[in-house]
Amino acid sequence: MGDLGVAVVIEDDVDVRNLLDAVLQQAGFEVHSAGTGRDGVDVARQRQANVITLDVGLPDIDGFEVLRRIRQFSDAYVVMLTGRGDELDTITALQGGADDYIVKPFRPRELRARISAMLRRPRVSGGEAPASSAAESGAGAPSGAGAAGSRRGTVLQHNGLALDTETRTVALRGTPLGLTRSEFDLLHELLRGTGAVRTRADLVRVVRGEFYREDTYISEADERAVEVHIGNLRRKLREDPQDPRWLVTVRGVGYRLAPKRAE
C-alpha cells in the first residue's frame, strides 16, 4: 500500500486515466483504475479506497449513480471530474456526497493540492457527543460524554449545538451529526466567528484550504458550491428557514451565526 493509502481512478478516457494514475502515484498512493462505472464500484469496494476520482460521463452508468453506490459502503474522499462545467453537475455531485469537483481540463498540481487539503482535515464521523465548552461557561455537557479535563477549550457550543475541534465531532442536543469535511469546516468557521459575517469568498477559502490564497480568483461555481454545503448543513440541523437558530443568510454577502438564545 502507498504511503497515503489507496486511490481509485474511475475514468473511461485512457489518456486522462493514465494521467490521473501518474499524478496519484507520484503523490504517494497505491493506485487502481477502472474504465467503467460498474467496474469502478467493484474496485473501490475490493481495494477499500481512501480517495476516489470519479468521472461524471462514463459509458455504462453515469458518475452520479456510481457515487450513490459507493456511498452505500464507503466514506472515501471522492473528487468528481466533469468536462461540462455545468452548475447543475456541481450541485448534484455535492448533494450526492462528493467532497470536491474539478472541471476538465484540470491541472495536476491543483488536483494534488485539493486532495492534500482534504487529507489534512480528516472526515468527520459520528462518534461520542462532545463533552463541554470553554466558549460557553456553565453550559451542560451532553449526557454520557465523560469528563472534559484536558479537552477544555476544544468545544464550541451555540443554541444546543456542540462542535469539538479536537475530535472533529458535532452533536445537536447530545445527538451526534454526521457531517462531511466541508460541512464541518464551514460550521466551525461560522461558530468561531461568533456572529461576524463571513462572505461567500471567505467560505470558499475555508473549503478549498491553502490552495486558494487571498489573490486566487473565486468563481461563481465556487460560491455556489458553498451555498450547496450550507443547504446540506441546514437540512442536517433541521434548521427552520423562518426562524434560524444557527445559520443566517446575509443577502448578497454571505452568512453569519444566529444570535444566542436562552436554553
# chains A, B, ... in the order shown; residues from 1 in each chain; ligands from 1
call {"tool": "residues_around", "arguments": {"residues": "Pro259 of chain A", "least_positions_apart": "2", "cutoff": "12 Å", "atoms": "only C-alpha atoms", "output": "PyMOL selection string"}}
result
chain A and resi 158-159+190-191+193-196+243-248+256-257+261-262
call {"tool": "residues_around", "arguments": {"residues": "Ile10 of chain A", "least_positions_apart": "2", "cutoff": "10 Å", "atoms": "only C-alpha atoms", "output": "list in words"}}
result
Ala7, Val8, Asp12, Asp13, Arg17, Leu20, His32, Ser33, Ala34, Gly35, Thr36, Gly37, Arg38, Asp39, Gly40, Val41, Val43, Ala44, Ile52, Thr53, Leu54, Asp55, Val56, Leu58, Gly63, Val66, Met80 and Leu81 of chain A
call {"tool": "write_last_selection", "arguments": {"atoms": "C-alpha atoms", "output": "compact mmCIF listing (two decimals), in the first residue's frame"}}
result
# COMPACT_ATOMS: atom_id res chain seq x y z
CA ALA A 7 -6.62 5.71 -4.61
CA VAL A 8 -9.08 4.51 -7.24
CA ASP A 12 -13.15 5.97 -19.37
CA ASP A 13 -10.69 8.20 -21.28
CA ARG A 17 -6.89 7.80 -16.70
CA LEU A 20 -4.54 10.56 -13.02
CA HIS A 32 -6.05 1.17 -9.08
CA SER A 33 -8.20 2.21 -12.01
CA ALA A 34 -11.35 1.28 -13.90
CA GLY A 35 -12.80 2.36 -17.22
CA THR A 36 -16.49 1.87 -16.42
CA GLY A 37 -18.78 2.78 -13.56
CA ARG A 38 -19.66 -0.77 -12.56
CA ASP A 39 -16.01 -1.83 -12.55
CA GLY A 40 -15.17 1.28 -10.55
CA VAL A 41 -17.67 0.41 -7.83
CA VAL A 43 -12.62 -1.87 -7.42
CA ALA A 44 -13.48 0.76 -4.78
CA ILE A 52 -11.54 8.19 -5.48
CA THR A 53 -11.51 10.33 -8.61
CA LEU A 54 -14.75 9.84 -10.49
CA ASP A 55 -15.65 10.98 -13.99
CA VAL A 56 -19.24 12.14 -14.49
CA LEU A 58 -18.98 7.12 -18.03
CA GLY A 63 -20.81 9.18 -12.23
CA VAL A 66 -21.57 5.42 -9.24
CA MET A 80 -15.78 14.34 -9.22
CA LEU A 81 -14.38 15.26 -12.64
call {"tool": "closest_residue", "arguments": {"among": "A:Val14, A:Ile91, A:Ile218, A:Ala98", "to": "Met118 of chain A", "atoms": "only C-alpha atoms"}}
result
A:Ala98
call {"tool": "atom_distance", "arguments": {"atom1": "atom CA of Leu163 of chain A", "atom2": "atom CA of Val197 of chain A"}}
result
19.2 Å
call {"tool": "select_by_dssp", "arguments": {"residues": "segment 151-208 of chain A", "states": "strand (DSSP E)", "output": "list of chain:residue names"}}
result
A:Val155, A:Leu156, A:Gln157, A:His158, A:Leu161, A:Ala162, A:Leu163, A:Asp164, A:Thr169, A:Val170, A:Ala171, A:Leu172, A:Thr175, A:Pro176, A:Leu177, A:Arg198, A:Thr199
call {"tool": "closest_residue", "arguments": {"among": "A:Phe184, A:Val9, A:Arg205, A:Arg224", "to": "Arg114 of chain A", "atoms": "only C-alpha atoms"}}
result
A:Arg205
